[in-house]
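*Asks:* For reference, the structure I am asking about is given below.
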Amino acid sequence: MAGGLRGARMPPDYAAAARRSVRVTLAGSAGFYLLLYGFGSATGATYALFAAVALAGLSHIPGTGRQRAAVLMRTLPACWVLITIGTYLSVRTWSAALGMLVVGFALAFTAVGGPRPAGAAPGLQLMYILPSFPPYDPGSLGERLVGATVGIALLVLAEAFLLPDPPTVPYRELAARAADAVRRCADELAGPPYAVSGAAARTAEEAGTRLRPSQVPEAERPAGPGVRDRALAQTGLATRTLLSRLTLLPPAPGGPHPGSAGLDVLRAVRDAAAETAGRLRGREPAGDAHADLLRARTALAAGPAEDASPALLRRHAAVIEVADAALAMSTGAGIAVDGRAGASRAAPGRFWYARMRAPQLWWFRLAGHAGRRSVLFQNAVRLSLALAAARVIAGIDTLPHGFWVLLATLTLTRTTVAETRSTVRTALIGTLAGALVAAGLLALVGTDIAVYAGALPPLMLVAFTLGPVKGVGWAQAMFTLVVALVFAQLAPATWQLAEFRLLDVLTGSAIGAVFGLLAWPRGAQDELRRSVAVLLRGAAEIVVATTAQIAAGGVREPVLTAPGHRSLRHALALAESAYAQYLSEPKGLGAAAGGRDWQATLMAGHHTLWGADRLLVPPVRVVAPPLDREPATAVTGLGDRVAGRMLLVSARLDPGGDTPYAPIPLRDPAFEGFAAEPPGAPRLYYAAASWLDSLMTDLERIAATPAPAPTHPDGRSGKGK
């Protein structure tokens, strides 16, 4: 069987679904038959089967089999708690509905913890939903807990040892490969001909692309709130930034022999990249390339500027920016591998989380998304309200098998009303087809339980193989047949069981459609535009404030977070979550789908934070002298120009009804501020100019495609009038 599932002739989607189906079927049916026919416990058998189906068939926990098994082991105590709460709250409809509202929101909101908590949440919802329906029978709580425990234990064994999925490339390895590309680019820049070759540039571009969240398998994305996940994500961002800066590094002045153009720093970057790649692969570093890079960077930044040409100072500024990105990459990799033990070199500002404990970081993540502008909060509110309403309706109307009403609401409600409408239509057609077949089967077989018992395992195999691949219509049709065969073994059943199933799915899907329409019907599409516009407006404020402080000089303290940076980090977190959901929605599978490079917007936010920290947050307390009049005027003018363009781009991303729709060049050909060389300008001026120039490059990537036309309140387009 395993060989057949891995065979080259089976499409990968079918092979993955078949492996999953075998695990669910064996765990669920083994627990069901053991408790029903071995111990005569219909209640325990029901919970054993539905626990396995809920946590593996209806949930999608990403990762390898052993990773999923570990997640299931951690969810077992939560399942006990949910079953207990549901059992006691089922005494009244209002208490069960109130519990559904609270539990539904809490479980849906755990998506802030990353893909694995989000994947387990639907199955955990069912662990409350199933016992929350009559009969109110606290005396059966022991059977319920034993049944769920048996089902989950068998599922853990199946996930850990049965039909492992093909391995994926871990994010650490992707980051290590990108660090190898950094090493190659830096090596070529540090020696003749002092330029990145075409082959190295292509390798760098490919390595950076593979680190994009949309290109990384869900199970491998470092999206959790913990120190290691945050550090690994930051390592990837720093490495992508470093690759971009290396390939765009301006040529050294002085022809083929660049002399003092930062070659020592580039060699140190090469060594630090090699050390980072080895550390990410589990090898202990032989030396201390990070410290060597820091010394080389400090020496270059402290060098005399009086006799250096403006071209050389620009080159030095770009090289220092490369060094800072390499130091961030190295520091992030150390924290990702060693956790808080690797935070000794973490600078304040960028690595604000490095010394915090897990509860603090979880609190920051939860608090950051506890608002109506977070798509994760919106999803939790929408789903919990729909489930609570479904529980009220199922209780008031005393629908037979009301559990199916909430199951339909849970599985068919989507993040956009358009997707929900399409899903419901297909699901109802599939349910109708499955109900017709189930009714015929029940009428034909009657009470011959042996037929149902023999047909259930192969039917489950087919259902959980075809459902995920063929779509929601097939899934609902096959699941209707599965539940018909299950309930026919628990109690005598007639063809009316199929009728009840169709009625319950119709009711649950209608409730989901109504709440999908009432609560944020466009999903992440509107919220993404709004959040990135807010992000750019916050970035514009930081750009203006940073350049003003550079011009004025003053005391620079090694603070944990510079003023304004916390707000921008919060806006960045909301934009990233909206972008992640946008990728999962129809017509949101990449930048081309929306005509916009949203990833470039997120990178602009990160670059704003990192550049401002690099310029204003030193490792030790220093007093920066004010700039002379001409450099001060030039740097503040550049900051104002970049901030103004950020505001223009934000208005184009999220236009209002009267937003002017006219193309505005981001770089004015008549404006020569970026090439200005004011007399007496120090290294700090050129470092700020290099940062602002890179931000303008980010803005050009964002605005590379036409902006959406403004929409009037009545829905008419603002174009073509």
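In the structure tokens, chains take letters A, B, ... by order of appearance, with residues numbered from 1 within each chain and ligands from 1 in the order shown.
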Compile the contact shell of segment 457-464 of chain A as a list in words: residues with an atom at most 6 Å away, counting only C-alpha atoms, same-chain residues fewer than 2 positions apart removed.

*Replies:* Ser21, Thr25, Ala455, Leu466, Gly467 and Met478 of chain A

*Asks:* Applying 10 Å and only C-alpha atoms, which residues near Leu684 of chain A remain after dropping the ones on its own chain fewer than 5 positions away? List them as a list of chain:residue names.

*Replies:*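 In the requested form, the answer reads A:Ala301, A:Leu313, A:Ala317, A:Ile550, A:Ala551, A:Leu615, A:Ala624, A:Leu627, A:Pro631, A:Val635, A:Ala689, A:Ser690.
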
*Asks:* I need the chosen residues saved as a CSV table (one decimal), in the first residue's frame, with N, CA, C and O atoms.

*Replies:*
```
chain,number,residue,atom,x,y,z
A,301,ALA,N,33.3,52.8,9.8
A,301,ALA,CA,32.5,53.9,10.2
A,301,ALA,C,33.2,55.0,10.9
A,301,ALA,O,32.9,56.2,10.9
A,313,LEU,N,32.5,58.2,0.2
A,313,LEU,CA,31.7,58.2,1.3
A,313,LEU,C,30.3,57.5,1.0
A,313,LEU,O,29.8,56.8,1.9
A,317,ALA,N,29.0,54.2,2.9
A,317,ALA,CA,27.6,54.1,3.5
A,317,ALA,C,26.9,52.8,3.1
A,317,ALA,O,26.2,52.2,3.9
A,550,ILE,N,18.6,63.4,12.9
A,550,ILE,CA,20.0,63.4,12.4
A,550,ILE,C,20.5,64.8,12.2
A,550,ILE,O,21.7,65.1,12.5
A,551,ALA,N,19.7,65.7,11.6
A,551,ALA,CA,20.1,67.1,11.4
A,551,ALA,C,20.4,67.8,12.7
A,551,ALA,O,21.3,68.6,12.8
A,615,LEU,N,20.4,54.2,12.5
A,615,LEU,CA,21.0,55.5,12.5
A,615,LEU,C,20.8,56.2,13.9
A,615,LEU,O,21.6,57.1,14.2
A,624,ALA,N,25.7,63.0,19.4
A,624,ALA,CA,25.9,63.2,18.0
A,624,ALA,C,25.9,64.7,17.8
A,624,ALA,O,25.0,65.4,18.2
A,627,LEU,N,24.4,68.6,12.3
A,627,LEU,CA,25.0,68.7,11.0
A,627,LEU,C,25.1,70.2,10.6
A,627,LEU,O,24.4,71.1,11.1
A,631,PRO,N,24.3,70.2,4.8
A,631,PRO,CA,23.9,68.8,5.0
A,631,PRO,C,22.6,68.6,5.7
A,631,PRO,O,21.8,67.8,5.4
A,635,VAL,N,19.5,66.6,4.1
A,635,VAL,CA,19.0,65.4,4.6
A,635,VAL,C,17.5,65.5,5.0
A,635,VAL,O,16.7,64.6,4.8
A,689,ALA,N,21.3,59.1,3.5
A,689,ALA,CA,20.9,59.2,2.1
A,689,ALA,C,20.8,57.8,1.5
A,689,ALA,O,19.9,57.6,0.7
A,690,SER,N,21.7,56.9,1.8
A,690,SER,CA,21.7,55.6,1.3
A,690,SER,C,20.4,54.9,1.8
A,690,SER,O,19.7,54.2,1.0
```

*Asks:* Residues near segment 330-337 of chain A, anyone? I mean within 7 Å using only C-alpha atoms, not counting same-chain ones fewer than 2 positions away, as a list in words.

*Replies:* Arg228, Asp229, Ala231, Leu232, Gln234, Thr235, Ala272, Thr276, Leu280, His290, Ala326, Leu327, Ala328, Gly339, Arg340, Gly342, Ala343, Arg345 and Ala346 of chain A

*Asks:* Could you dump the residues just selected with all heavy atoms as a compact mmCIF listing (two decimals), in the first residue's frame?

*Replies:*
```txt
# COMPACT_ATOMS: atom_id res chain seq x y z
N ARG A 228 12.42 31.84 19.15
CA ARG A 228 13.11 31.17 18.05
C ARG A 228 12.39 31.43 16.72
O ARG A 228 13.06 31.68 15.70
CB ARG A 228 13.21 29.67 18.31
CG ARG A 228 14.10 29.31 19.49
CD ARG A 228 14.08 27.82 19.77
NE ARG A 228 14.75 27.47 21.01
CZ ARG A 228 16.03 27.13 21.10
NH1 ARG A 228 16.77 27.08 20.00
NH2 ARG A 228 16.57 26.81 22.26
N ASP A 229 11.07 31.37 16.72
CA ASP A 229 10.34 31.63 15.48
C ASP A 229 10.53 33.07 15.02
O ASP A 229 10.74 33.34 13.83
CB ASP A 229 8.86 31.33 15.67
CG ASP A 229 8.50 29.91 15.30
OD1 ASP A 229 9.45 29.11 15.11
OD2 ASP A 229 7.31 29.57 15.22
N ALA A 231 13.03 35.04 15.70
CA ALA A 231 14.41 35.23 15.26
C ALA A 231 14.65 34.59 13.90
O ALA A 231 15.35 35.16 13.05
CB ALA A 231 15.37 34.65 16.30
N LEU A 232 14.07 33.42 13.66
CA LEU A 232 14.26 32.77 12.37
C LEU A 232 13.60 33.57 11.26
O LEU A 232 14.17 33.71 10.15
CB LEU A 232 13.68 31.35 12.42
CG LEU A 232 14.02 30.44 11.25
CD1 LEU A 232 15.52 30.34 11.04
CD2 LEU A 232 13.42 29.05 11.46
N GLN A 234 13.19 36.77 11.29
CA GLN A 234 14.02 37.96 11.11
C GLN A 234 15.32 37.61 10.39
O GLN A 234 15.84 38.42 9.61
CB GLN A 234 14.32 38.59 12.47
CG GLN A 234 14.75 40.04 12.35
CD GLN A 234 14.50 40.79 13.64
OE1 GLN A 234 13.88 40.29 14.56
NE2 GLN A 234 14.99 42.00 13.71
N THR A 235 15.84 36.42 10.62
CA THR A 235 17.02 35.98 9.88
C THR A 235 16.71 35.94 8.38
O THR A 235 17.51 36.39 7.56
CB THR A 235 17.46 34.59 10.36
OG1 THR A 235 17.75 34.65 11.75
CG2 THR A 235 18.68 34.11 9.60
N ALA A 272 31.14 35.90 7.86
CA ALA A 272 29.96 35.83 8.74
C ALA A 272 28.84 35.04 8.07
O ALA A 272 28.10 34.31 8.74
CB ALA A 272 29.48 37.24 9.08
N THR A 276 27.14 31.78 9.55
CA THR A 276 25.69 31.72 9.75
C THR A 276 25.10 30.47 9.11
O THR A 276 24.27 29.77 9.72
CB THR A 276 25.02 32.98 9.16
OG1 THR A 276 25.49 34.14 9.85
CG2 THR A 276 23.51 32.89 9.26
N LEU A 280 23.15 27.54 11.22
CA LEU A 280 21.78 27.12 10.91
C LEU A 280 21.70 25.63 10.59
O LEU A 280 20.64 25.02 10.75
CB LEU A 280 21.24 27.93 9.73
CG LEU A 280 20.95 29.41 10.03
CD1 LEU A 280 20.64 30.16 8.74
CD2 LEU A 280 19.77 29.54 11.00
N HIS A 290 31.28 36.90 13.55
CA HIS A 290 30.39 38.00 13.89
C HIS A 290 31.18 39.14 14.53
O HIS A 290 31.02 40.31 14.16
CB HIS A 290 29.30 37.51 14.85
CG HIS A 290 28.32 38.57 15.27
ND1 HIS A 290 27.09 38.70 14.69
CD2 HIS A 290 28.40 39.55 16.22
CE1 HIS A 290 26.44 39.71 15.25
NE2 HIS A 290 27.22 40.24 16.19
N ALA A 326 24.19 42.06 7.51
CA ALA A 326 24.88 40.81 7.80
C ALA A 326 24.94 40.55 9.30
O ALA A 326 24.80 39.41 9.76
CB ALA A 326 26.29 40.83 7.21
N LEU A 327 25.16 41.61 10.09
CA LEU A 327 25.16 41.45 11.55
C LEU A 327 23.77 41.02 12.04
O LEU A 327 23.65 40.19 12.95
CB LEU A 327 25.58 42.76 12.21
CG LEU A 327 27.06 43.13 12.07
CD1 LEU A 327 27.30 44.56 12.55
CD2 LEU A 327 27.93 42.16 12.87
N ALA A 328 22.72 41.60 11.45
CA ALA A 328 21.36 41.20 11.83
C ALA A 328 21.11 39.74 11.47
O ALA A 328 20.49 38.99 12.23
CB ALA A 328 20.35 42.11 11.15
N GLY A 339 18.03 30.18 21.13
CA GLY A 339 16.99 30.80 21.93
C GLY A 339 17.51 32.00 22.69
O GLY A 339 18.40 32.71 22.22
N ARG A 340 16.96 32.23 23.88
CA ARG A 340 17.38 33.40 24.66
C ARG A 340 18.85 33.32 25.05
O ARG A 340 19.47 34.35 25.34
CB ARG A 340 16.50 33.53 25.91
CG ARG A 340 15.06 33.91 25.59
CD ARG A 340 14.26 34.31 26.82
NE ARG A 340 14.19 33.24 27.79
CZ ARG A 340 14.56 33.35 29.05
NH1 ARG A 340 15.07 34.49 29.50
NH2 ARG A 340 14.46 32.33 29.89
N GLY A 342 21.17 32.81 23.09
CA GLY A 342 21.94 33.45 22.02
C GLY A 342 21.69 34.93 21.89
O GLY A 342 22.08 35.53 20.88
N ALA A 343 21.04 35.54 22.89
CA ALA A 343 20.66 36.95 22.79
C ALA A 343 21.71 37.91 23.32
O ALA A 343 21.46 39.10 23.41
CB ALA A 343 19.35 37.18 23.53
N ARG A 345 24.31 39.08 22.04
CA ARG A 345 24.74 40.08 21.05
C ARG A 345 23.59 40.86 20.45
O ARG A 345 23.79 41.67 19.56
CB ARG A 345 25.49 39.38 19.92
CG ARG A 345 26.83 38.79 20.33
CD ARG A 345 27.39 37.96 19.23
NE ARG A 345 28.76 37.56 19.48
CZ ARG A 345 29.44 36.67 18.76
NH1 ARG A 345 28.83 36.08 17.75
NH2 ARG A 345 30.68 36.37 19.04
N ALA A 346 22.37 40.59 20.90
CA ALA A 346 21.20 41.23 20.30
C ALA A 346 21.18 42.71 20.65
O ALA A 346 21.21 43.10 21.81
CB ALA A 346 19.93 40.56 20.79
```

*Asks:* Write out as a ChimeraX atom specification all residues of segment 110-219 of chain A that backbone DSSP assigns to helix (DSSP H, G or I).

*Replies:* /A:110-113,115-132,138-161,171-189,198-210,213-215,218-219

*Asks:* What does the distance from atom CA of Leu211 of chain A to atom CA of Arg279 of chain A come to in Å, to one decimal?

*Replies:*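 Those two atoms sit 17.6 Å apart.
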